[in-house]
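**Q** Can you read through this structure? Questions will come right after.
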Amino acid sequence: MLRKLLKYEFQSQYGLYGGIYLFMLLLSAVAAAMGKLCEKWPSNQVFKIIFVISLVMVVIGCMAVFVITTVMSILRYRNNLLKDEGYLMHTLPVMPASLHFCKLAASFVWYAADMAIVTFIIMLLSGDWKLSWLFEMADIIGCTTPMAVLIIIYIALSALSSMSIFYAAMNLGSLSYSSKGVMSFVAYLIIYMVNELIALAGLAVFIVIQFGTDFSAFLEMNESAWINSGYTMNIMIMSVIISIIYLVGYNAISVYILNKKLNLE
Amino acid sequence: MDILVDCKHVKKSYGKKEVLKDFDLQLGRGRIIGLLGPNGSGKTTLIKILSGILSRNDGEITIAGLPVGIESKKIVSYLPERTYFSPSMRVRQTLQFFADFYEDFNMDKAQDMLSRLNIQPSSKIKELSKGTREKVQLVLVMSREAQLYLLDEPIGGVDPAARDYILKTILTGYNENASILISTHLISDVEKVLDEVVFIKDGRVVLQEAADAIREQNGKSVDALFREVFAC
């Protein structure tokens, strides 16, 4: 059933994302072509202006695409599971958890697609198809292969956990009998503050484990000391663990509400 | 009586407002039942709870012996009083959607009913009028070989000419083992198809009787009795 749900989920959205990605690719192709023309005719002001405008649009577009995915994922969840379309979705003979995780999986796939498109655009505009600048930067900050793997895992988990937080806030808001939208927003603020407190507590635990109660050693560490120490790795591991806790906790809240406290009015 | 729906001591409140109060109801198979009551009496709430889109606060409910959940959803066909398809879907896609998720969906029957209503499968939901959207939903819901049909205001949004077709569809669209629970305000329109009537007032059943028995015992129509019982 999850496969069928995913099929309809992607069917309903591929048109929108396909259009956005096509537009972004065309825009970046124009920017890349203008860049080449500017190199060939450096004195041509028209090429320069078009190049700058298209480049600015590409940069804005690359940031906007992630915002669009976030907004669309939130709207899709709200409209499809918590508003009118929910009257159909929640009467399907499928587990409420499947309905929830279908949305989470779809948003994750769209984030991954956003990332792939943006990476491709960067490669196209820089003409650096091996992304050597990225590896050089990794060398400078002392990023080892295990660290790089951890960073990738962390980015993926962050995307998942941030959507899970939005979904949990909407589900908590849906329990209200009056202003569901306002209550969702309030729930999100509370969750945000709880997350900040957890992160702060995690950092405090990390400092105590690494430095004991002598905070001055921690505060006196400079950039190179950070790079050469294993602390960055430990912080990444801790961040991954916290993201997993968020992911499990907030998805459990959503699934519980959809399963036991569903309130479609 | 072969019990299809069994509600025992069901309670539901929205905040402090109690909508269903220790609600008891048993419905048999092979019947068309009118769920009648004034606004706010708990009709829609009961139907939503039976369909599984609203959780109850207390009590027990079984449908064909199954608790409300995935298994009961396989045998319950629900028509809400609002449009639940994405506006961007085509009618054809809604048929396929039902065929994909409901094993008991009869595609031929649905296509036949749509063609009788002159609804093009290629039409987009957002291009259809409100009444036509409701007809599409009714066709889909009645094209399932379900055991329980829950119809919330099925004729409320359609023109009087289409009501007869819809009522005919309801009459002929279900099998002897199934029951249809219809919630409506248009009692005079549906009265002729009802086998049984349930009156709800303030979250409780105040009358459950065969439609013919009401007419014989009271010497008046269900509509007239309703007006008498629920007179303001």
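We name chains A, B, ... following the order of the structure tokens; residues begin at 1 in each chain, and ligands are numbered from 1 as shown.
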Can you pull out every residue from stretch 119-222 of chain B that DSSP, working from the backbone, puts in helix (DSSP H, G or I), and format the result as an MDAnalysis selection string?
**A** chainID B and resid 125:127 130:142 160:172 187:193 211:218 222
**Q** Write down, as a ChimeraX atom specification, each residue of chain A that has any atom within 7 Å of an atom of chain B, counting only C-alpha atoms.
**A** /A:84-85,87-88,90-95,177,260-264
**Q** Using only C-alpha atoms, pick whichever of A:Ser28, A:Gln45, A:Ser164, A:Thr70 has the shortest atom-to-atom distance to A:Ile117.
**A** A:Ser28
**Q** Pick out the residues sitting within 7 Å of stretch 16-27 of chain B, and hand them over as a PyMOL selection string; count only C-alpha atoms, and ignore anything fewer than 6 positions along from it in its own chain.
**A** chain B and resi 3-10+41-42+202-204
**Q** Extract, using only C-alpha atoms, all DNA, RNA and protein residues at most 7 Å from stretch 213-224 of chain B, discarding same-chain residues fewer than 5 positions from it, and format them as a VMD selection string.
**A** chain B and resid 187 to 188 191
**Q** Got a sec: who's within 12 Å of B:Leu95, counting only C-alpha atoms, leaving out chain neighbours fewer than 4 positions off, as an MDAnalysis selection string?
**A** chainID B and resid 85 89:91 99:102 105:114 120:122 125 136:141 143:144
**Q** Near A:Ala201, counting only C-alpha atoms, which residues have an atom at most 12 Å away, once you skip same-chain residues fewer than 5 positions from it, shown as a list of chain:residue names?
**A**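 In the requested format, the answer is A:Val194, A:Asn195, A:Glu196, A:Phe206, A:Ile207, A:Val208, A:Met238, A:Ser239, A:Ile242.
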**Q** Can you write out the residues you just picked, keeping N, CA, C and O atoms, as a compact mmCIF listing (two decimals), in the first residue's frame?
**A**
# COMPACT_ATOMS: atom_id res chain seq x y z
N VAL A 194 12.00 23.70 22.64
CA VAL A 194 12.43 22.43 23.26
C VAL A 194 13.69 21.93 22.55
O VAL A 194 14.66 21.50 23.20
N ASN A 195 13.71 22.02 21.23
CA ASN A 195 14.88 21.58 20.46
C ASN A 195 16.12 22.38 20.83
O ASN A 195 17.22 21.82 20.96
N GLU A 196 15.94 23.69 20.98
CA GLU A 196 17.08 24.54 21.35
C GLU A 196 17.62 24.13 22.71
O GLU A 196 18.84 24.08 22.92
N PHE A 206 28.65 17.70 26.14
CA PHE A 206 29.87 17.53 25.34
C PHE A 206 31.06 18.25 26.00
O PHE A 206 32.15 17.69 26.15
N ILE A 207 30.83 19.49 26.44
CA ILE A 207 31.91 20.28 27.05
C ILE A 207 32.41 19.60 28.34
O ILE A 207 33.61 19.47 28.56
N VAL A 208 31.44 19.15 29.13
CA VAL A 208 31.81 18.52 30.40
C VAL A 208 32.61 17.23 30.14
O VAL A 208 33.64 16.98 30.78
N MET A 238 27.41 13.74 17.95
CA MET A 238 26.35 14.15 18.86
C MET A 238 25.17 14.77 18.08
O MET A 238 24.00 14.49 18.38
N SER A 239 25.48 15.55 17.06
CA SER A 239 24.42 16.18 16.25
C SER A 239 23.59 15.12 15.54
O SER A 239 22.36 15.23 15.44
N ILE A 242 21.32 13.53 18.10
CA ILE A 242 20.19 14.43 18.44
C ILE A 242 19.16 14.44 17.30
O ILE A 242 17.96 14.38 17.53
**Q** Select, from B:Lys124, B:Gly156, B:Ile33, B:Phe230, the residue with the minimum atom-to-atom distance to B:Thr94, counting only C-alpha atoms.
**A**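 The answer is B:Lys124, which sits nearest to B:Thr94.
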**Q** Measuring atom to atom with only C-alpha atoms, identify which of B:Asp2, B:Asp104, B:Asp159, B:Asp58 is nearest to B:Gly30.
**A** B:Asp2
**Q** So that I can check the surroundings of B:Glu176, please list as a list in words every protein, DNA and RNA residue that reaches within 10 Å of it, counting only C-alpha atoms and ignoring chain neighbours fewer than 4 positions away.
**A** Arg29, Gly30, Arg31 and Gln147 of chain B
**Q** Mind dumping the selected residues with N, CA, C and O atoms as a PDB file, in the first residue's frame?
**A**
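See result07.pdb below for the written result:
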ATOM      1  N   ARG B  29     -28.343  -5.812   8.903  1.00  0.00           N
ATOM      2  CA  ARG B  29     -27.915  -5.870   7.492  1.00  0.00           C
ATOM      3  C   ARG B  29     -29.118  -5.741   6.548  1.00  0.00           C
ATOM      4  O   ARG B  29     -30.244  -5.994   6.945  1.00  0.00           O
ATOM      5  N   GLY B  30     -28.803  -5.384   5.315  1.00  0.00           N
ATOM      6  CA  GLY B  30     -29.818  -5.366   4.261  1.00  0.00           C
ATOM      7  C   GLY B  30     -30.863  -4.274   4.430  1.00  0.00           C
ATOM      8  O   GLY B  30     -32.022  -4.461   4.047  1.00  0.00           O
ATOM      9  N   ARG B  31     -30.481  -3.172   5.004  1.00  0.00           N
ATOM     10  CA  ARG B  31     -31.457  -2.125   5.264  1.00  0.00           C
ATOM     11  C   ARG B  31     -30.936  -0.755   4.817  1.00  0.00           C
ATOM     12  O   ARG B  31     -29.735  -0.501   4.843  1.00  0.00           O
ATOM     13  N   GLN B 147     -19.968  -3.432   2.727  1.00  0.00           N
ATOM     14  CA  GLN B 147     -21.011  -3.975   3.608  1.00  0.00           C
ATOM     15  C   GLN B 147     -21.788  -2.858   4.300  1.00  0.00           C
ATOM     16  O   GLN B 147     -22.930  -3.049   4.702  1.00  0.00           O
TER      17      GLN B 147
END
**Q** Can you tell me how far atom CA of B:Arg227 sits from atom CA of B:Asp189, in Å to one decimal?
**A**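 Separation between atom CA of B:Arg227 and atom CA of B:Asp189: 14.5 Å.
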